[in-house]
file structure.txt (compact mmCIF, C-alpha atoms)
# COMPACT_ATOMS: atom_id res chain seq x y z
CA MET M 62 0.00 0.00 0.00
CA ALA M 63 1.27 3.43 -0.89
CA GLN M 64 2.17 5.65 2.00
CA PRO M 65 0.10 8.88 2.36
CA THR M 66 1.79 12.00 1.09
CA ALA M 67 2.60 14.61 3.76
CA THR M 68 0.63 17.80 3.34
CA ALA M 69 0.82 21.22 4.91
CA SER M 70 -2.25 20.44 7.01
CA ALA M 71 -0.67 17.21 8.26
CA TRP M 72 2.52 19.00 9.29
CA PRO M 73 1.51 22.38 10.72
CA GLU M 74 4.08 25.12 10.74
CA ASP M 75 5.47 26.45 13.98
CA PRO M 76 3.37 29.27 15.45
CA VAL M 77 4.32 32.67 14.12
CA PRO M 78 5.53 35.05 16.87
CA LEU M 79 3.48 38.17 17.42
CA ALA M 80 4.95 41.22 15.73
CA LEU M 81 5.94 43.82 18.29
CA ASP M 82 4.32 46.61 16.31
CA THR M 83 0.93 44.95 16.89
CA ALA M 84 1.10 45.71 20.62
CA PRO M 85 -1.37 48.57 21.32
CA LEU M 86 0.73 51.34 22.85
CA PRO M 87 -0.64 53.52 25.67
CA ALA M 88 -1.58 57.05 24.58
CA TYR M 89 1.31 58.71 26.41
CA GLY M 90 1.23 62.49 26.14
CA SER M 91 -2.42 62.99 25.25
CA GLY M 92 -4.69 60.30 26.68
CA SER M 93 -3.02 58.25 29.41
CA LEU M 94 -3.32 58.26 33.19
CA ALA M 95 -0.05 60.21 33.34
CA ASP M 96 -1.71 63.07 31.46
CA LEU M 97 -4.71 63.50 33.77
CA LEU M 98 -3.38 65.46 36.76
CA PRO M 99 -1.10 67.75 34.72
CA THR M 100 -4.18 68.74 32.69
CA LEU M 101 -6.34 69.30 35.78
CA ALA M 102 -3.55 71.17 37.58
CA ALA M 103 -3.00 73.40 34.54
CA GLY M 104 -6.69 74.31 34.72
CA LEU M 105 -6.16 75.26 38.35
CA GLY M 106 -3.31 77.59 37.40
CA VAL M 107 -0.47 75.48 38.80
CA PRO M 108 2.80 76.73 37.25
CA GLY M 109 4.67 74.36 34.96
CA CYS M 110 1.69 72.09 34.26
CA GLU M 111 0.56 71.37 30.72
CA HIS M 112 -2.98 70.93 29.41
CA ARG M 113 -2.23 67.58 27.78
CA ILE M 114 -5.75 66.20 27.34
CA PRO M 115 -7.39 68.75 25.04
CA GLU M 116 -10.90 67.35 25.53
CA LEU M 117 -11.03 68.36 29.22
CA THR M 118 -12.44 71.72 30.33
CA PRO M 119 -10.89 73.40 33.39
CA ALA M 120 -12.70 73.57 36.73
CA ASP M 121 -11.87 75.39 39.96
CA ARG M 122 -12.73 72.42 42.17
CA VAL M 123 -11.55 69.03 40.98
CA CYS M 124 -11.91 65.56 42.49
CA VAL M 125 -10.31 62.39 41.11
CA PHE M 126 -11.91 59.18 42.36
CA LEU M 127 -9.77 56.17 41.46
CA ILE M 128 -11.45 52.77 41.73
CA ASP M 129 -8.75 50.11 41.76
CA GLY M 130 -9.23 47.44 39.09
CA LEU M 131 -12.34 48.87 37.39
CA GLY M 132 -11.47 48.89 33.71
CA TRP M 133 -13.50 50.39 30.88
CA GLU M 134 -14.61 47.03 29.52
CA GLN M 135 -15.73 45.81 32.93
CA ILE M 136 -18.15 48.74 33.27
CA GLY M 137 -19.50 48.23 29.76
CA ASN M 138 -20.08 44.53 30.39
CA HIS M 139 -22.11 45.07 33.58
CA PRO M 140 -24.80 47.74 33.05
CA ALA M 141 -27.22 46.10 35.48
CA GLU M 142 -24.71 46.13 38.34
CA ALA M 143 -23.41 49.63 37.59
CA PRO M 144 -26.34 51.73 36.37
CA PHE M 145 -24.89 55.08 37.48
CA LEU M 146 -21.44 54.42 36.04
CA THR M 147 -23.03 53.16 32.84
CA SER M 148 -25.05 56.36 32.56
CA LEU M 149 -21.76 58.29 32.63
CA LEU M 150 -19.95 56.36 29.88
CA GLY M 151 -20.77 59.02 27.30
CA SER M 152 -19.13 61.67 29.50
CA SER M 153 -15.78 59.90 29.45
CA LEU M 154 -12.74 61.81 28.18
CA GLY M 155 -14.46 65.17 27.94
CA GLY M 156 -17.71 63.88 26.47
CA THR M 157 -16.12 61.87 23.65
CA GLY M 158 -17.22 58.58 25.18
CA ARG M 159 -13.68 57.22 24.94
CA PRO M 160 -11.42 55.74 27.65
CA LEU M 161 -7.94 56.64 28.82
CA THR M 162 -5.06 54.18 28.64
CA ALA M 163 -3.34 53.10 31.83
CA GLY M 164 0.27 52.78 30.69
CA PHE M 165 2.53 49.73 30.68
CA PRO M 166 2.51 47.65 32.69
CA ALA M 167 -1.15 48.03 33.66
CA THR M 168 -0.60 47.47 37.36
CA THR M 169 -1.35 49.42 40.52
CA ALA M 170 2.07 50.68 41.59
CA THR M 171 2.94 51.80 38.07
CA SER M 172 -0.42 53.47 37.46
CA LEU M 173 -0.63 55.27 40.81
CA ALA M 174 2.84 56.67 40.22
CA SER M 175 1.78 57.80 36.75
CA VAL M 176 -1.33 59.48 38.15
CA GLY M 177 0.42 61.22 41.00
CA THR M 178 3.58 62.39 39.25
CA GLY M 179 2.16 63.00 35.77
CA LEU M 180 5.08 61.01 34.38
CA HIS M 181 5.20 57.87 32.25
CA PRO M 182 6.75 54.70 33.75
CA GLY M 183 10.09 55.18 32.03
CA ALA M 184 10.51 58.47 33.92
CA HIS M 185 9.01 57.84 37.36
CA GLY M 186 10.64 54.40 37.37
CA LEU M 187 7.97 52.17 38.88
CA ALA M 188 8.14 49.98 35.82
CA GLY M 189 6.38 46.87 37.10
CA TYR M 190 4.98 44.98 40.06
CA THR M 191 8.49 43.73 40.83
CA VAL M 192 11.66 44.92 39.10
CA ARG M 193 15.36 44.39 39.66
CA ASP M 194 17.16 47.05 41.66
CA PRO M 195 20.39 47.61 39.67
CA ALA M 196 22.16 48.74 42.84
CA THR M 197 21.57 45.47 44.72
CA GLY M 198 20.59 42.91 42.10
CA GLU M 199 17.49 42.07 44.14
CA LEU M 200 13.87 42.14 43.06
CA MET M 201 12.06 45.20 44.41
CA ASN M 202 8.31 44.90 45.02
CA GLN M 203 7.08 48.42 44.31
CA LEU M 204 3.61 47.88 45.72
CA ARG M 205 4.72 46.33 49.03
CA TRP M 206 8.03 48.27 48.96
CA ARG M 207 10.12 45.20 49.81
CA PRO M 208 12.99 45.21 50.41
CA TRP M 209 12.89 48.71 51.82
CA THR M 210 14.52 51.25 49.52
CA PRO M 211 14.84 55.03 50.12
CA PRO M 212 11.61 56.22 48.47
CA HIS M 213 12.80 59.55 47.10
CA VAL M 214 15.95 57.98 45.67
CA TRP M 215 13.83 55.42 43.85
CA GLN M 216 11.36 58.08 42.61
CA PRO M 217 12.83 61.60 42.91
CA TYR M 218 10.23 63.72 41.11
CA PRO M 219 7.62 65.85 42.93
CA THR M 220 3.97 64.87 42.81
CA LEU M 221 1.28 67.03 41.21
CA PHE M 222 -0.33 67.29 44.64
CA GLN M 223 2.85 68.85 46.01
CA LEU M 224 3.02 71.29 43.12
CA ALA M 225 -0.64 72.23 43.55
CA ASP M 226 -0.25 72.70 47.29
CA ALA M 227 2.78 74.94 46.74
CA ALA M 228 0.70 76.99 44.27
CA GLY M 229 -1.95 77.71 46.89
CA VAL M 230 -4.50 75.10 45.80
CA HIS M 231 -6.29 73.37 48.69
CA THR M 232 -5.08 69.79 48.20
CA ALA M 233 -6.23 66.64 49.97
CA GLN M 234 -6.15 62.85 49.71
CA VAL M 235 -8.97 60.83 51.27
CA SER M 236 -8.20 57.13 51.52
CA SER M 237 -7.76 54.21 53.90
CA PRO M 238 -5.69 55.07 56.99
CA ALA M 239 -3.49 52.08 56.13
CA PHE M 240 -2.05 53.97 53.15
CA GLN M 241 -1.11 57.19 54.93
CA ASP M 242 2.55 56.46 55.61
CA THR M 243 3.42 53.93 52.92
CA PRO M 244 6.42 54.64 50.67
CA LEU M 245 4.18 54.39 47.59
CA THR M 246 1.93 57.12 48.96
CA LYS M 247 4.94 59.30 49.78
CA ILE M 248 6.43 59.18 46.29
CA ALA M 249 3.21 59.11 44.26
CA LEU M 250 0.30 60.68 46.12
CA SER M 251 1.61 62.99 48.84
CA GLY M 252 1.04 66.74 49.04
CA GLY M 253 -1.45 68.79 50.99
CA THR M 254 -3.26 66.86 53.71
CA PHE M 255 -4.06 63.14 54.03
CA HIS M 256 -7.39 62.16 55.59
CA GLY M 257 -7.81 58.52 56.56
CA ARG M 258 -11.31 57.05 56.62
CA LEU M 259 -12.20 53.37 56.85
CA SER M 260 -15.47 53.10 54.98
CA GLY M 261 -16.14 54.08 51.40
CA GLU M 262 -19.14 56.15 52.47
CA GLU M 263 -17.03 58.16 54.90
CA ARG M 264 -14.49 58.82 52.17
CA MET M 265 -17.14 60.09 49.76
CA ASP M 266 -18.64 62.44 52.34
CA LEU M 267 -15.26 63.82 53.40
CA ALA M 268 -14.04 64.16 49.82
CA ALA M 269 -17.09 66.29 49.05
CA ARG M 270 -16.42 68.51 52.07
CA GLN M 271 -12.75 68.92 51.14
CA LEU M 272 -13.77 69.77 47.60
CA GLY M 273 -15.81 72.71 48.89
CA ALA M 274 -13.22 73.88 51.42
CA ALA M 275 -11.70 76.60 49.19
CA ASP M 276 -12.16 78.39 45.90
CA ARG M 277 -9.50 76.21 44.23
CA THR M 278 -9.31 72.59 45.34
CA LEU M 279 -7.75 69.32 44.20
CA VAL M 280 -9.00 66.18 45.97
CA TYR M 281 -8.06 62.55 45.42
CA THR M 282 -9.96 59.59 46.81
CA TYR M 283 -9.59 55.85 46.33
CA TYR M 284 -11.43 52.55 46.67
CA SER M 285 -9.55 49.22 46.44
CA GLU M 286 -12.07 46.47 47.06
CA VAL M 287 -13.16 45.97 43.44
CA ASP M 288 -9.60 44.93 42.61
CA GLY M 289 -9.38 42.64 45.63
CA ALA M 290 -12.55 40.77 44.70
CA GLY M 291 -11.37 40.42 41.12
CA HIS M 292 -8.02 38.94 42.11
CA ARG M 293 -9.58 36.47 44.52
CA PHE M 294 -12.77 35.46 42.76
CA GLY M 295 -12.50 36.83 39.21
CA VAL M 296 -14.47 39.44 37.29
CA ASP M 297 -17.07 36.80 36.42
CA SER M 298 -17.98 36.19 40.08
CA ASP M 299 -20.88 37.25 42.27
CA ALA M 300 -18.40 38.68 44.79
CA TRP M 301 -16.89 40.95 42.15
CA ARG M 302 -20.31 42.04 40.91
CA GLY M 303 -21.26 42.91 44.49
CA GLN M 304 -18.22 45.14 44.80
CA LEU M 305 -19.03 46.78 41.49
CA MET M 306 -22.54 47.55 42.74
CA HIS M 307 -21.08 49.11 45.89
CA ALA M 308 -18.60 51.21 43.88
CA ASP M 309 -21.46 52.40 41.70
CA GLN M 310 -23.32 53.56 44.80
CA LEU M 311 -20.23 55.34 46.11
CA VAL M 312 -19.78 57.29 42.89
CA ARG M 313 -23.44 58.35 42.99
CA ARG M 314 -23.09 59.37 46.64
CA LEU M 315 -20.11 61.61 45.88
CA ALA M 316 -21.66 63.04 42.71
CA GLU M 317 -24.78 64.09 44.60
CA GLN M 318 -22.69 66.10 47.10
CA LEU M 319 -20.50 68.09 44.72
CA PRO M 320 -20.19 71.75 45.69
CA PRO M 321 -20.79 74.46 43.05
CA GLY M 322 -18.20 74.73 40.28
CA ALA M 323 -16.82 71.24 40.82
CA ALA M 324 -15.77 68.48 38.42
CA LEU M 325 -15.61 64.83 39.49
CA TYR M 326 -13.48 62.44 37.44
CA VAL M 327 -13.90 58.69 38.00
CA THR M 328 -11.03 56.58 36.72
CA ALA M 329 -9.08 53.39 37.45
CA ASP M 330 -5.53 52.11 37.47
CA HIS M 331 -6.15 49.08 35.23
CA GLY M 332 -8.75 46.54 34.18
CA MET M 333 -8.60 42.78 34.68
CA VAL M 334 -9.00 39.41 32.96
CA ASP M 335 -9.81 36.00 34.43
CA ILE M 336 -7.20 33.31 33.73
CA PRO M 337 -8.49 29.72 33.49
CA PHE M 338 -7.01 27.22 35.95
CA ASP M 339 -5.41 24.86 33.44
CA GLU M 340 -1.84 24.13 32.39
CA ASP M 341 -2.28 25.69 28.97
CA SER M 342 -3.46 29.02 30.44
CA ARG M 343 -1.14 29.09 33.47
CA ILE M 344 2.40 28.40 32.34
CA ASP M 345 4.44 27.60 35.44
CA PHE M 346 7.92 29.11 35.20
CA ASP M 347 9.05 27.18 38.28
CA GLU M 348 8.25 23.89 36.53
CA ASP M 349 9.39 24.77 33.00
CA TRP M 350 13.06 24.05 32.38
CA GLU M 351 13.06 25.76 28.97
CA LEU M 352 11.84 29.10 30.33
CA ARG M 353 14.14 28.90 33.36
CA ALA M 354 17.28 28.26 31.31
CA GLY M 355 19.65 31.22 31.58
CA VAL M 356 17.29 33.24 33.79
CA ALA M 357 18.70 34.78 36.96
CA LEU M 358 15.53 36.56 38.17
CA LEU M 359 11.87 36.56 37.17
CA GLY M 360 10.15 39.88 37.83
CA GLY M 361 6.91 41.62 36.99
CA GLU M 362 3.70 39.59 37.27
CA GLY M 363 1.89 36.87 35.40
CA ARG M 364 0.75 38.95 32.43
CA ALA M 365 3.68 41.39 32.27
CA ARG M 366 7.02 39.76 32.97
CA HIS M 367 10.48 41.27 33.40
CA VAL M 368 13.03 38.53 32.74
CA TYR M 369 16.60 39.10 33.93
CA ALA M 370 19.15 36.86 32.26
CA VAL M 371 22.41 35.46 33.55
CA PRO M 372 25.13 37.74 32.09
CA GLY M 373 25.90 36.58 28.56
CA ALA M 374 22.65 34.60 28.18
CA GLU M 375 20.43 37.51 27.14
CA ALA M 376 20.14 36.56 23.47
CA ASP M 377 19.49 32.89 24.25
CA VAL M 378 16.77 33.73 26.79
CA LEU M 379 15.09 36.07 24.31
CA ALA M 380 15.18 33.41 21.58
CA CYS M 381 13.77 30.74 23.89
CA TRP M 382 10.97 32.87 25.32
CA ARG M 383 10.04 34.04 21.84
CA GLU M 384 9.99 30.47 20.53
CA VAL M 385 7.98 29.05 23.43
CA LEU M 386 5.60 31.96 24.06
CA GLY M 387 5.81 34.30 21.08
CA ASP M 388 2.41 33.48 19.56
CA ARG M 389 0.65 34.23 22.87
CA PHE M 390 2.84 36.99 24.30
CA TRP M 391 4.54 40.00 22.82
CA VAL M 392 8.15 39.11 23.67
CA ALA M 393 10.74 41.88 23.36
CA SER M 394 14.30 42.57 24.38
CA ARG M 395 14.82 45.52 26.67
CA ASP M 396 16.06 47.65 23.78
CA GLU M 397 13.09 46.63 21.63
CA ALA M 398 10.55 47.42 24.35
CA VAL M 399 12.19 50.79 25.00
CA ALA M 400 12.39 51.65 21.30
CA ALA M 401 8.75 50.66 20.81
CA GLY M 402 7.70 53.07 23.56
CA TRP M 403 6.13 50.51 25.89
CA PHE M 404 7.30 52.44 28.97
CA GLY M 405 6.93 55.91 27.45
CA PRO M 406 8.76 58.16 25.00
CA HIS M 407 12.04 58.08 26.90
CA ILE M 408 13.68 56.16 29.75
CA ASP M 409 15.57 57.81 32.59
CA GLU M 410 19.08 56.41 33.01
CA ARG M 411 18.33 55.23 36.57
CA VAL M 412 15.33 53.24 35.25
CA HIS M 413 17.01 51.47 32.33
CA GLY M 414 18.42 48.60 34.40
CA ARG M 415 15.10 48.00 36.15
CA ILE M 416 13.55 46.83 32.88
CA GLY M 417 14.04 43.15 32.11
CA ASP M 418 16.55 41.89 29.57
CA VAL M 419 13.40 40.33 28.12
CA VAL M 420 9.89 41.76 28.56
CA ALA M 421 6.87 39.52 27.93
CA ALA M 422 3.35 40.98 27.72
CA ALA M 423 0.36 38.66 27.38
CA HIS M 424 -1.82 38.79 24.27
CA ASP M 425 -4.13 35.84 25.07
CA ASP M 426 -5.92 34.92 28.31
CA VAL M 427 -2.77 33.35 29.69
CA ALA M 428 -0.25 34.02 32.46
CA ILE M 429 3.27 32.97 33.40
CA ILE M 430 2.92 31.98 37.03
CA ALA M 431 5.62 30.92 39.49
CA SER M 432 3.95 28.46 41.83
CA LEU M 433 6.88 28.03 44.19
CA ASN M 434 8.24 31.57 44.41
CA GLU M 435 4.96 33.43 43.98
CA PRO M 436 2.29 31.18 45.51
CA HIS M 437 -0.14 33.98 46.38
CA GLU M 438 0.00 35.71 43.01
CA SER M 439 -0.09 32.37 41.17
CA ALA M 440 -3.38 31.43 42.88
CA MET M 441 -5.22 34.58 41.77
CA THR M 442 -8.20 34.21 39.47
CA GLY M 443 -8.19 37.72 38.02
CA MET M 444 -4.92 39.19 36.73
CA HIS M 445 -3.69 42.25 34.87
CA GLY M 446 -0.56 43.98 33.61
CA SER M 447 -0.50 43.67 29.84
CA MET M 448 -1.62 45.87 26.94
CA THR M 449 -4.91 44.18 26.03
CA ALA M 450 -8.01 46.37 26.00
CA ALA M 451 -9.48 44.60 29.04
CA GLU M 452 -6.44 45.62 31.12
CA GLN M 453 -5.25 48.80 29.48
CA LEU M 454 -8.41 50.84 28.93
CA VAL M 455 -9.72 52.78 31.93
CA PRO M 456 -12.63 55.21 32.28
CA LEU M 457 -12.50 58.96 32.72
CA LEU M 458 -16.12 59.52 33.68
CA GLU M 459 -17.11 63.12 34.44
CA VAL M 460 -19.76 64.76 36.62
CA ARG M 461 -20.01 68.55 36.95
CA SER M 462 -22.02 70.68 39.32
call {"tool": "encode", "arguments": {"input": "structure.txt", "output": "structure tokens"}}
result
Amino acid sequence: MAQPTATASAWPEDPVPLALDTAPLPAYGSGSLADLLPTLAAGLGVPGCEHRIPELTPADRVCVFLIDGLGWEQIGNHPAEAPFLTSLLGSSLGGTGRPLTAGFPATTATSLASVGTGLHPGAHGLAGYTVRDPATGELMNQLRWRPWTPPHVWQPYPTLFQLADAAGVHTAQVSSPAFQDTPLTKIALSGGTFHGRLSGEERMDLAARQLGAADRTLVYTYYSEVDGAGHRFGVDSDAWRGQLMHADQLVRRLAEQLPPGAALYVTADHGMVDIPFDEDSRIDFDEDWELRAGVALLGGEGRARHVYAVPGAEADVLACWREVLGDRFWVASRDEAVAAGWFGPHIDERVHGRIGDVVAAAHDDVAIIASLNEPHESAMTGMHGSMTAAEQLVPLLEVRS
């Protein structure tokens, strides 16, 4: 009997790596989280601040309410749970009905630093969940601030709140008391006065009072529990939907108390995607000899990895990661990621070595976990960090009085 002839369908080609120019870049300079406070501060007359988002109209009293983890797509997918937020979608980005972009990576420490300093990640330097400290060679967790590092050496630029306070604008942050003295707060959100309140309702009421405390005011308030429910249970869970409903009620509560001449902006630091609990969707670095080969440190998080190679192994690590993951992740060398503008239009010299020799950003609903070294993060249902729309797009909902 004649043997069957091999065909292209019988012998599939290797997956084609994703082209780096297909990664959707954040809108640095005109429509990212880093552009929000400079624009609002310019409207308040703060010297040196630029009106970067042309769609926004100045106001004398401005409040930014950041809801951790509440991306643009998550609001749009849940109109029943978030009727008030849904009613505001058309107001986003100055009435254009469009979202902002978070910046890369789309993670809390990076985004809060972008919001507070008005700088992109390549300048403020909080370039991931964990990054290598070039001075010590250790991984630095920039959310937990471990190991401890002098905050103003790590991030030396002033915050927009400090600039506004120095310009005579009444400036206040209203958040959980637990955040008052953290290094992340000091380098990203400090300036004016900090007011700690435990409940979301208390924060909304106090934020409204602070907003009316002077003729020119800048107030920031924050709610974290939407993100927490998403990480633990996923954005397709009843627990997450319950937190979304509560956040919706908080926004309405604050909006109904705005003093005259005020503008409320509701935004977020990132969105979130649920990652299935299977081996194909959760690639375990700690159990994968190919991915571990030549790697000295694994940084970042599951959907936005910084990979630090053993000296001399950089090219081999890049080739391996691109071969193994390149059809599901955008995999770039440090120089390629910098040149592509992933971290912003330029990189400060002190930040360059914090970026991985290889940077991997997820395209599909997949994550690179590390079950042994990162057991807590590896067990999360909802994750974020990459440049997909579900993670990267965040609202800029507006209410004026």
call {"tool": "residues_around", "arguments": {"input": "structure.txt", "residues": "range 240-243 of chain M", "least_positions_apart": "2", "cutoff": "9 Å", "atoms": "all atoms listed in the file", "output": "list in words"}}
result
Arg205, Trp206, Ser236, Ser237, Pro238, Leu245, Thr246, Lys247, Ile248, Ser251, Phe255, His256 and Gly257 of chain M
call {"tool": "write_last_selection", "arguments": {"input": "structure.txt", "atoms": "C-alpha atoms", "output": "tab-separated table (two decimals), in the coordinates of the input"}}
result
chain	number	residue	atom	x	y	z
M	205	ARG	CA	4.72	46.33	49.03
M	206	TRP	CA	8.03	48.27	48.96
M	236	SER	CA	-8.20	57.13	51.52
M	237	SER	CA	-7.76	54.21	53.90
M	238	PRO	CA	-5.69	55.07	56.99
M	245	LEU	CA	4.18	54.39	47.59
M	246	THR	CA	1.93	57.12	48.96
M	247	LYS	CA	4.94	59.30	49.78
M	248	ILE	CA	6.43	59.18	46.29
M	251	SER	CA	1.61	62.99	48.84
M	255	PHE	CA	-4.06	63.14	54.03
M	256	HIS	CA	-7.39	62.16	55.59
M	257	GLY	CA	-7.81	58.52	56.56
call {"tool": "closest_atom_pairs", "arguments": {"input": "structure.txt", "of": "range 270-312 of chain M", "to": "range 165-178 of chain M", "cutoff": "12 Å", "atoms": "only C-alpha atoms", "output": "JSON lines"}}
result
{"residue": "M:Leu279", "atom": "CA", "partner": "M:Gly177", "partner_atom": "CA", "distance": 11.9}
{"residue": "M:Val280", "atom": "CA", "partner": "M:Gly177", "partner_atom": "CA", "distance": 11.7}
{"residue": "M:Tyr281", "atom": "CA", "partner": "M:Gly177", "partner_atom": "CA", "distance": 9.7}
{"residue": "M:Thr282", "atom": "CA", "partner": "M:Leu173", "partner_atom": "CA", "distance": 11.9}
{"residue": "M:Tyr283", "atom": "CA", "partner": "M:Leu173", "partner_atom": "CA", "distance": 10.5}
{"residue": "M:Ser285", "atom": "CA", "partner": "M:Thr169", "partner_atom": "CA", "distance": 10.1}
{"residue": "M:Asp288", "atom": "CA", "partner": "M:Thr169", "partner_atom": "CA", "distance": 9.6}
{"residue": "M:Gly289", "atom": "CA", "partner": "M:Thr169", "partner_atom": "CA", "distance": 11.7}
call {"tool": "write_last_selection", "arguments": {"input": "structure.txt", "atoms": "C-alpha atoms", "output": "mmCIF file, in the frame of the given file"}}
result
data_model
loop_
_atom_site.group_PDB
_atom_site.id
_atom_site.type_symbol
_atom_site.label_atom_id
_atom_site.label_comp_id
_atom_site.auth_asym_id
_atom_site.auth_seq_id
_atom_site.Cartn_x
_atom_site.Cartn_y
_atom_site.Cartn_z
ATOM 1 C CA LEU M 279 -7.750 69.320 44.200
ATOM 2 C CA VAL M 280 -9.000 66.180 45.970
ATOM 3 C CA TYR M 281 -8.060 62.550 45.420
ATOM 4 C CA THR M 282 -9.960 59.590 46.810
ATOM 5 C CA TYR M 283 -9.590 55.850 46.330
ATOM 6 C CA SER M 285 -9.550 49.220 46.440
ATOM 7 C CA ASP M 288 -9.600 44.930 42.610
ATOM 8 C CA GLY M 289 -9.380 42.640 45.630
#
call {"tool": "residues_near_point", "arguments": {"input": "structure.txt", "point": "(-5.7, 34.4, 29.8)", "cutoff": "6 Å", "atoms": "all atoms listed in the file", "output": "PyMOL selection string"}}
result
chain M and resi 336+342+425-427
call {"tool": "closest_residue", "arguments": {"input": "structure.txt", "among": "M:Thr328, M:Thr191, M:Gln234, M:Gln216", "to": "Leu146 in chain M", "atoms": "all atoms listed in the file"}}
result
M:Thr328
call {"tool": "closest_atom_pairs", "arguments": {"input": "structure.txt", "of": "range 181-279 of chain M", "to": "range 447-462 of chain M", "cutoff": "12 Å", "atoms": "only C-alpha atoms", "output": "JSON lines"}}
result
{"residue": "M:Gly189", "atom": "CA", "partner": "M:Ser447", "partner_atom": "CA", "distance": 10.5}
{"residue": "M:Tyr190", "atom": "CA", "partner": "M:Ser447", "partner_atom": "CA", "distance": 11.7}
{"residue": "M:Ala269", "atom": "CA", "partner": "M:Ser462", "partner_atom": "CA", "distance": 11.8}
{"residue": "M:Leu272", "atom": "CA", "partner": "M:Ser462", "partner_atom": "CA", "distance": 11.7}
{"residue": "M:Gly273", "atom": "CA", "partner": "M:Ser462", "partner_atom": "CA", "distance": 11.6}
call {"tool": "residues_near_point", "arguments": {"input": "structure.txt", "point": "(-18.9, 44.7, 45.5)", "cutoff": "12 Å", "atoms": "only C-alpha atoms", "output": "ChimeraX atom specification"}}
result
/M:128,130-131,142-143,261,284-291,294-296,298-311
call {"tool": "closest_residue", "arguments": {"input": "structure.txt", "among": "M:Leu315, M:Leu221, M:Val107, M:Leu94", "to": "Arg264 in chain M", "atoms": "only C-alpha atoms"}}
result
M:Leu315
call {"tool": "closest_residue", "arguments": {"input": "structure.txt", "among": "M:Glu397, M:Glu116, M:Glu340, M:Asp297", "to": "Gly443 in chain M", "atoms": "all atoms listed in the file"}}
result
M:Asp297
call {"tool": "atom_distance", "arguments": {"input": "structure.txt", "atom1": "CA of Leu379 in chain M", "atom2": "CA of Val419 in chain M"}}
result
6.0 Å
call {"tool": "atom_distance", "arguments": {"input": "structure.txt", "atom1": "CA of Gly373 in chain M", "atom2": "CA of Asp82 in chain M"}}
result
26.8 Å
call {"tool": "closest_residue", "arguments": {"input": "structure.txt", "among": "M:Ile136, M:Met201, M:Leu187, M:Leu161", "to": "Ser148 in chain M", "atoms": "all atoms listed in the file"}}
result
M:Ile136
call {"tool": "closest_residue", "arguments": {"input": "structure.txt", "among": "M:Arg389, M:Arg415, M:His331, M:Arg293", "to": "Pro87 in chain M", "atoms": "all atoms listed in the file"}}
result
M:His331
call {"tool": "closest_residue", "arguments": {"input": "structure.txt", "among": "M:Val123, M:Leu358, M:Ala365, M:Ala141", "to": "Ala274 in chain M", "atoms": "only C-alpha atoms"}}
result
M:Val123
call {"tool": "atom_distance", "arguments": {"input": "structure.txt", "atom1": "CA of Trp403 in chain M", "atom2": "CA of Glu199 in chain M"}}
result
23.1 Å
call {"tool": "residues_around", "arguments": {"input": "structure.txt", "residues": "Arg343 in chain M", "least_positions_apart": "3", "cutoff": "7 Å", "atoms": "only C-alpha atoms", "output": "PyMOL selection string"}}
result
chain M and resi 338-340+427-430
call {"tool": "write_last_selection", "arguments": {"input": "structure.txt", "atoms": "C-alpha atoms", "output": "compact mmCIF listing (two decimals), in the frame of the given file"}}
result
# COMPACT_ATOMS: atom_id res chain seq x y z
CA PHE M 338 -7.01 27.22 35.95
CA ASP M 339 -5.41 24.86 33.44
CA GLU M 340 -1.84 24.13 32.39
CA VAL M 427 -2.77 33.35 29.69
CA ALA M 428 -0.25 34.02 32.46
CA ILE M 429 3.27 32.97 33.40
CA ILE M 430 2.92 31.98 37.03
